[in-house]
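So this one's entry_16.csv, CSV, C-alpha atoms:
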chain,number,residue,atom,x,y,z
A,1,MET,CA,37.6,-63.1,-144.2
A,2,SER,CA,38.4,-59.8,-142.6
A,3,ALA,CA,41.6,-59.3,-140.6
A,4,ASP,CA,39.6,-59.3,-137.4
A,5,GLU,CA,37.9,-62.5,-138.3
A,6,ASP,CA,41.1,-64.2,-139.2
A,7,LEU,CA,42.7,-63.0,-135.9
A,8,LEU,CA,39.7,-64.1,-133.9
A,9,ARG,CA,39.7,-67.6,-135.5
A,10,ARG,CA,43.4,-68.0,-134.6
A,11,LEU,CA,43.0,-66.7,-131.1
A,12,ARG,CA,40.3,-69.2,-130.4
A,13,ALA,CA,42.5,-71.9,-131.8
A,14,GLY,CA,45.2,-71.0,-129.3
A,15,ASP,CA,47.5,-69.5,-131.8
A,16,GLU,CA,50.1,-67.6,-129.7
A,17,SER,CA,51.3,-65.5,-132.6
A,18,ALA,CA,47.8,-64.1,-133.0
A,19,PHE,CA,47.8,-63.1,-129.4
A,20,ALA,CA,51.2,-61.5,-129.8
A,21,THR,CA,49.9,-59.5,-132.7
A,22,LEU,CA,47.1,-58.2,-130.6
A,23,VAL,CA,49.4,-57.3,-127.7
A,24,GLU,CA,51.9,-55.6,-130.0
A,25,GLN,CA,49.2,-53.6,-131.6
A,26,TYR,CA,47.1,-52.6,-128.5
A,27,HIS,CA,49.1,-52.9,-125.3
A,28,ALA,CA,50.8,-49.5,-125.6
A,29,PRO,CA,47.7,-47.6,-126.7
A,30,MET,CA,45.8,-49.2,-123.8
A,31,ILE,CA,48.4,-48.1,-121.3
A,32,ARG,CA,48.2,-44.6,-122.9
A,33,LEU,CA,44.4,-44.6,-122.4
A,34,ALA,CA,44.3,-46.1,-119.0
A,35,THR,CA,46.9,-43.6,-117.7
A,36,ALA,CA,44.3,-40.9,-118.2
A,37,TYR,CA,41.9,-42.5,-115.9
A,38,VAL,CA,43.9,-43.7,-112.9
A,39,PRO,CA,46.2,-42.0,-110.4
A,40,SER,CA,49.4,-43.8,-111.2
A,41,ARG,CA,51.3,-45.7,-113.8
A,42,ALA,CA,51.2,-48.8,-111.6
A,43,VAL,CA,47.4,-48.8,-111.5
A,44,ALA,CA,47.2,-48.2,-115.3
A,45,GLU,CA,49.3,-51.3,-115.8
A,46,GLU,CA,47.1,-53.3,-113.5
A,47,VAL,CA,44.0,-52.1,-115.4
A,48,VAL,CA,45.5,-53.1,-118.7
A,49,GLN,CA,46.6,-56.5,-117.3
A,50,GLU,CA,43.1,-57.1,-116.1
A,51,THR,CA,41.8,-56.1,-119.5
A,52,TRP,CA,44.0,-58.7,-121.2
A,53,LEU,CA,42.7,-61.3,-118.7
A,54,GLY,CA,39.2,-60.3,-119.6
A,55,VAL,CA,40.1,-60.6,-123.3
A,56,VAL,CA,41.5,-64.1,-122.9
A,57,ARG,CA,38.5,-65.2,-120.8
A,58,GLY,CA,36.0,-63.6,-123.1
A,59,ILE,CA,37.4,-64.4,-126.5
A,60,ASP,CA,35.0,-67.3,-127.0
A,61,ARG,CA,32.0,-65.2,-126.2
A,62,PHE,CA,33.0,-62.2,-128.4
A,63,GLU,CA,30.3,-62.0,-131.1
A,64,GLY,CA,32.1,-59.8,-133.5
A,65,ARG,CA,29.4,-57.2,-133.5
A,66,SER,CA,32.1,-54.5,-133.1
A,67,SER,CA,35.7,-54.6,-134.2
A,68,LEU,CA,38.2,-56.3,-131.9
A,69,LYS,CA,39.7,-52.9,-131.2
A,70,THR,CA,36.4,-51.5,-130.0
A,71,TRP,CA,35.8,-54.6,-127.9
A,72,LEU,CA,39.2,-54.2,-126.3
A,73,PHE,CA,38.7,-50.6,-125.5
A,74,ARG,CA,35.3,-51.2,-124.1
A,75,ILE,CA,36.7,-53.7,-121.6
A,76,LEU,CA,39.5,-51.3,-120.8
A,77,VAL,CA,37.3,-48.3,-120.3
A,78,ASN,CA,34.9,-50.2,-118.1
A,79,ARG,CA,37.7,-51.3,-115.9
A,80,ALA,CA,39.5,-48.0,-115.9
A,81,ARG,CA,36.3,-46.2,-114.9
A,82,THR,CA,35.9,-48.3,-111.8
A,83,ALA,CA,39.6,-48.1,-111.0
A,84,GLY,CA,39.7,-44.3,-111.4
A,85,PRO,CA,39.8,-42.0,-108.4
A,86,ARG,CA,37.1,-39.7,-109.6
A,87,GLU,CA,33.3,-40.0,-109.6
A,88,ARG,CA,32.2,-40.6,-113.1
A,89,ARG,CA,28.8,-39.3,-113.9
A,90,HIS,CA,27.5,-37.8,-117.1
A,91,VAL,CA,27.4,-34.2,-116.5
A,92,PRO,CA,24.3,-32.6,-118.1
A,93,LEU,CA,25.3,-30.5,-121.0
A,94,GLY,CA,24.1,-26.9,-120.9
A,95,VAL,CA,24.7,-24.2,-123.5
A,96,GLY,CA,28.3,-23.5,-123.3
A,97,GLU,CA,30.7,-21.1,-125.0
A,98,THR,CA,34.1,-22.5,-125.9
A,99,VAL,CA,35.6,-19.1,-126.7
A,100,ASP,CA,35.7,-16.3,-124.1
A,101,PRO,CA,32.7,-14.0,-124.9
A,102,ASP,CA,34.9,-11.0,-124.3
A,103,ARG,CA,36.7,-11.8,-127.6
A,104,PHE,CA,33.5,-10.9,-129.5
A,105,GLN,CA,31.8,-7.5,-130.1
A,106,ALA,CA,28.2,-7.1,-129.2
A,107,ASP,CA,27.2,-7.9,-132.8
A,108,GLY,CA,29.0,-11.3,-132.6
A,109,GLN,CA,32.0,-10.4,-134.7
A,110,TRP,CA,35.5,-10.9,-133.4
A,111,ALA,CA,36.9,-8.1,-131.2
A,112,VAL,CA,40.1,-10.0,-130.4
A,113,PRO,CA,40.5,-12.4,-133.4
A,114,PRO,CA,42.8,-15.4,-133.2
A,115,ALA,CA,46.4,-14.5,-134.0
A,116,PRO,CA,48.0,-17.0,-136.4
A,117,TRP,CA,50.2,-19.7,-134.8
A,118,THR,CA,49.7,-22.8,-136.8
A,119,ASP,CA,53.0,-22.5,-138.6
A,120,ASP,CA,54.8,-22.3,-135.2
A,121,VAL,CA,53.2,-25.5,-133.9
A,122,ASP,CA,53.8,-27.4,-137.1
A,123,GLY,CA,57.4,-26.2,-137.0
A,124,ARG,CA,57.8,-27.2,-133.4
A,125,LEU,CA,56.1,-30.6,-133.5
A,126,ASP,CA,59.4,-32.3,-133.5
A,127,ALA,CA,60.2,-30.7,-130.3
A,128,ALA,CA,58.2,-33.0,-128.2
A,129,ASP,CA,57.3,-30.3,-125.7
A,130,VAL,CA,54.2,-29.1,-127.4
A,131,VAL,CA,52.8,-32.6,-127.8
A,132,GLY,CA,53.8,-33.3,-124.2
A,133,ARG,CA,51.9,-30.3,-123.0
A,134,VAL,CA,48.9,-31.3,-125.0
A,135,ARG,CA,49.0,-34.7,-123.3
A,136,GLU,CA,49.0,-33.0,-119.9
A,137,LEU,CA,46.2,-30.8,-120.8
A,138,ILE,CA,44.0,-33.7,-122.0
A,139,ASP,CA,44.7,-35.5,-118.8
A,140,ALA,CA,43.3,-32.4,-116.9
A,141,LEU,CA,40.1,-32.1,-119.0
A,142,PRO,CA,36.8,-32.8,-117.3
A,143,ASP,CA,36.0,-36.6,-117.4
A,144,GLY,CA,33.5,-36.6,-120.3
A,145,GLN,CA,35.6,-34.4,-122.5
A,146,ARG,CA,38.8,-36.3,-121.8
A,147,GLU,CA,37.2,-39.7,-122.6
A,148,VAL,CA,35.9,-38.5,-125.9
A,149,VAL,CA,39.0,-36.7,-127.0
A,150,LEU,CA,41.2,-39.7,-126.1
A,151,LEU,CA,39.1,-42.2,-128.0
A,152,ARG,CA,38.5,-40.0,-131.0
A,153,ASP,CA,41.6,-37.9,-131.5
A,154,VAL,CA,44.2,-39.9,-129.8
A,155,GLU,CA,43.1,-43.5,-130.5
A,156,GLY,CA,41.4,-42.6,-133.7
A,157,LEU,CA,38.1,-44.5,-133.1
A,158,SER,CA,35.1,-43.6,-135.2
A,159,SER,CA,32.3,-41.6,-133.6
A,160,ALA,CA,30.0,-44.6,-133.6
A,161,ASP,CA,32.6,-46.7,-131.8
A,162,ALA,CA,33.4,-44.0,-129.2
A,163,CYS,CA,29.6,-43.6,-128.5
A,164,SER,CA,29.1,-47.3,-128.1
A,165,ILE,CA,32.1,-47.6,-125.7
A,166,LEU,CA,31.2,-44.6,-123.6
A,167,GLY,CA,27.4,-45.0,-123.7
A,168,VAL,CA,26.8,-41.4,-124.9
A,169,SER,CA,24.7,-40.1,-127.8
A,170,GLU,CA,26.3,-38.9,-131.0
A,171,GLY,CA,25.1,-35.4,-130.2
A,172,ASN,CA,26.6,-35.3,-126.6
A,173,GLN,CA,29.7,-36.9,-127.9
A,174,ARG,CA,30.2,-34.0,-130.4
A,175,VAL,CA,29.6,-31.4,-127.7
A,176,LEU,CA,32.2,-33.0,-125.4
A,177,LEU,CA,34.6,-33.4,-128.3
A,178,HIS,CA,34.2,-29.8,-129.3
A,179,ARG,CA,34.7,-28.5,-125.8
A,180,GLY,CA,37.8,-30.6,-125.2
A,181,ARG,CA,39.4,-29.6,-128.5
A,182,ALA,CA,38.6,-26.0,-127.9
A,183,ARG,CA,40.4,-26.1,-124.6
A,184,VAL,CA,43.4,-27.7,-126.2
A,185,ARG,CA,43.3,-25.0,-128.9
A,186,ARG,CA,43.2,-22.3,-126.3
A,187,MET,CA,46.1,-23.9,-124.5
A,188,LEU,CA,48.2,-24.0,-127.6
A,189,GLU,CA,47.3,-20.3,-128.3
A,190,LEU,CA,48.6,-19.4,-124.8
A,191,GLU,CA,51.5,-21.7,-125.0
A,192,LEU,CA,52.7,-20.2,-128.2
A,193,GLY,CA,52.4,-16.7,-126.7
A,194,LYS,CA,49.6,-15.5,-128.9
A,195,VAL,CA,46.9,-13.4,-127.3
B,196,MET,CA,19.5,-30.3,-133.8
B,197,ALA,CA,22.2,-28.1,-132.2
B,198,MET,CA,21.8,-25.6,-134.9
B,199,ALA,CA,18.2,-24.6,-134.3
B,200,TRP,CA,19.2,-21.5,-132.3
B,201,TRP,CA,20.8,-19.8,-135.2
B,202,THR,CA,19.3,-21.3,-138.4
B,203,ARG,CA,16.5,-18.8,-138.3
B,204,ARG,CA,18.9,-16.0,-138.7
B,205,ARG,CA,20.1,-14.9,-142.0
B,206,ALA,CA,23.8,-15.2,-141.5
B,207,VAL,CA,26.3,-16.8,-139.2
B,208,VAL,CA,28.3,-14.5,-137.0
B,209,CYS,CA,31.8,-15.3,-135.7
B,210,ARG,CA,30.6,-16.1,-132.1
B,211,GLU,CA,28.4,-18.8,-133.5
B,212,ALA,CA,30.8,-20.1,-136.2
B,213,VAL,CA,33.4,-21.0,-133.6
B,214,GLU,CA,30.9,-23.4,-131.9
B,215,LEU,CA,30.3,-25.2,-135.2
B,216,VAL,CA,33.7,-26.4,-136.0
B,217,THR,CA,33.4,-29.9,-134.7
B,218,ASP,CA,29.9,-30.4,-136.1
B,219,TYR,CA,31.2,-29.2,-139.4
B,220,LEU,CA,34.3,-31.5,-139.4
B,221,GLU,CA,32.0,-34.4,-138.3
B,222,ASP,CA,29.7,-33.7,-141.2
B,223,ALA,CA,26.8,-33.3,-138.7
B,224,LEU,CA,25.4,-30.1,-140.1
B,225,SER,CA,22.4,-30.0,-142.4
B,226,ARG,CA,23.2,-29.0,-146.0
B,227,ARG,CA,21.7,-25.6,-145.5
B,228,ASP,CA,23.6,-25.0,-142.3
B,229,ARG,CA,26.8,-26.1,-143.9
B,230,GLN,CA,26.3,-23.7,-146.8
B,231,ARG,CA,25.7,-20.8,-144.4
B,232,LEU,CA,28.8,-21.6,-142.5
B,233,GLU,CA,30.9,-21.9,-145.6
B,234,ALA,CA,29.5,-18.6,-146.8
B,235,HIS,CA,30.7,-17.1,-143.6
B,236,LEU,CA,34.1,-18.6,-143.7
B,237,ALA,CA,34.6,-17.5,-147.3
B,238,ASP,CA,34.1,-13.9,-146.0
B,239,CYS,CA,35.8,-14.1,-142.6
B,240,PRO,CA,39.6,-14.6,-142.4
B,241,HIS,CA,39.5,-14.7,-138.6
B,242,CYS,CA,37.1,-17.6,-138.5
B,243,THR,CA,39.0,-19.3,-141.3
B,244,GLU,CA,42.1,-19.0,-139.1
B,245,TYR,CA,40.2,-20.3,-136.1
B,246,PHE,CA,39.0,-23.4,-138.1
B,247,GLU,CA,42.6,-23.9,-139.3
B,248,GLN,CA,43.8,-23.7,-135.6
B,249,PHE,CA,41.2,-26.3,-134.7
B,250,ARG,CA,42.5,-28.7,-137.4
B,251,VAL,CA,46.1,-28.2,-136.3
B,252,THR,CA,45.0,-28.8,-132.7
B,253,ILE,CA,43.3,-32.1,-133.7
B,254,ARG,CA,46.4,-33.1,-135.6
B,255,THR,CA,48.6,-32.3,-132.7
B,256,ILE,CA,46.5,-34.3,-130.3
B,257,GLY,CA,46.9,-37.2,-132.8
B,258,ARG,CA,50.7,-36.9,-132.4
B,259,ILE,CA,50.6,-38.2,-128.9
B,260,GLU,CA,52.5,-41.5,-129.2
B,261,PRO,CA,52.2,-44.6,-127.1
B,262,GLU,CA,55.3,-45.9,-125.5
B,263,GLU,CA,57.3,-48.8,-126.7
B,264,LEU,CA,56.1,-52.2,-125.6
B,265,ALA,CA,58.7,-53.8,-123.4
B,266,PRO,CA,59.7,-57.3,-124.5
B,267,GLU,CA,59.2,-58.7,-121.0
B,268,VAL,CA,55.7,-57.3,-120.8
B,269,ARG,CA,54.9,-58.9,-124.1
B,270,ASP,CA,56.3,-62.2,-123.0
B,271,ASP,CA,54.3,-62.1,-119.7
B,272,LEU,CA,51.1,-61.5,-121.6
B,273,ILE,CA,51.7,-64.3,-124.0
B,274,ASP,CA,52.3,-66.6,-121.0
B,275,LEU,CA,49.0,-65.5,-119.6
B,276,TYR,CA,47.4,-66.5,-122.9
B,277,ARG,CA,49.2,-69.8,-123.1
B,278,ARG,CA,48.1,-70.7,-119.6
B,279,TRP,CA,44.5,-69.9,-120.3
B,280,SER,CA,44.3,-71.6,-123.7
B,281,ALA,CA,46.2,-74.7,-122.4

Final structure tokens representation of the file:
Amino acid sequence: MSADEDLLRRLRAGDESAFATLVEQYHAPMIRLATAYVPSRAVAEEVVQETWLGVVRGIDRFEGRSSLKTWLFRILVNRARTAGPRERRHVPLGVGETVDPDRFQADGQWAVPPAPWTDDVDGRLDAADVVGRVRELIDALPDGQREVVLLRDVEGLSSADACSILGVSEGNQRVLLHRGRARVRRMLELELGKV
Amino acid sequence: MAMAWWTRRRAVVCREAVELVTDYLEDALSRRDRQRLEAHLADCPHCTEYFEQFRVTIRTIGRIEPEELAPEVRDDLIDLYRRWSA
């Protein structure tokens, strides 16, 4: 029996310690994710609270086709999307450059190549300011990019799980992920005073 | 696939390579496209640096921590579960 199956069996049997395990594992990550959708901390807490209610109510109907984690995040994302202040539509993806075209020569080679900074960021990771700035920047990404970056790079979900939660194709998901990551890279470059 | 616009060319240029990082890391490139890209990276220290910066960026994003779960929040939620399963 997988860990999920075991947990699910105990949840259905009314085992409080199983529910506590779930809460301990996912409540804080769900707050982290919800915060990126809604205007305030209070609303994020409401959204997560409603998600838990949905989980408790839906546990008997959960069919186990996805992992428990994916199921939880799907419920959360659906609620957060409707609670969020912004209109959420899938923006059509055009051809987009993620690096300023001026940084290349006419033949496509670098004119202004990236200056090295990765040692700086690794050395400064303990200073929470870089990570804090990254968090702010992710919150400011366009909707689609933000959702994908959060699920993939912050929550660590697989590409298949993220696509199923967000209802996007693998290809679109990769484009959104790439653009979001590229913006964060650019921010780190500026932040660390390179170029 | 996303690569069609450049696969017809002989070699990858830097401007194209920077758009392929995520496809490469996600293993979404065809074998041939991957080989072309790797050939370019082997030759281009700037793009190699760019790819490394992308990896560090992803790692840094992964360092965003959730906050601690407050004991009273945990207890309230367990109450909710208890009431529902009662």

Go through chain B residue by residue and, counting all atoms listed in the file, keep those with an atom at most 6 Å from chain A; for each kept residue give the shortest atom pair and its distance in Å to one decimal, ordered by chain and increasing number, as a Markdown table.
| residue | atom | partner | partner_atom | distance |
| --- | --- | --- | --- | --- |
| B:Val208 | CA | A:Gly108 | CA | 5.5 |
| B:Cys209 | CA | A:Gln109 | CA | 5.0 |
| B:Arg210 | CA | A:Gly108 | CA | 5.1 |
| B:Thr217 | CA | A:His178 | CA | 5.5 |
| B:His241 | CA | A:Pro113 | CA | 5.8 |
| B:Thr252 | CA | A:Arg185 | CA | 5.6 |
| B:Gly257 | CA | A:Val154 | CA | 4.9 |
| B:Pro261 | CA | A:Ala28 | CA | 5.3 |
| B:Glu262 | CA | A:Ala28 | CA | 5.8 |
| B:Leu264 | CA | A:Ala28 | CA | 5.9 |
| B:Ser280 | CA | A:Gly14 | CA | 5.7 |

What separates CA of Val77 (chain A) and CA of Arg65 (chain A) is a distance of 17.8 Å

Atom pair CA of Asp270 (chain B) + CA of Arg79 (chain A), distance 22.7 Å

CA of Ile59 (chain A) sits from CA of Arg41 (chain A) at a separation of 26.5 Å
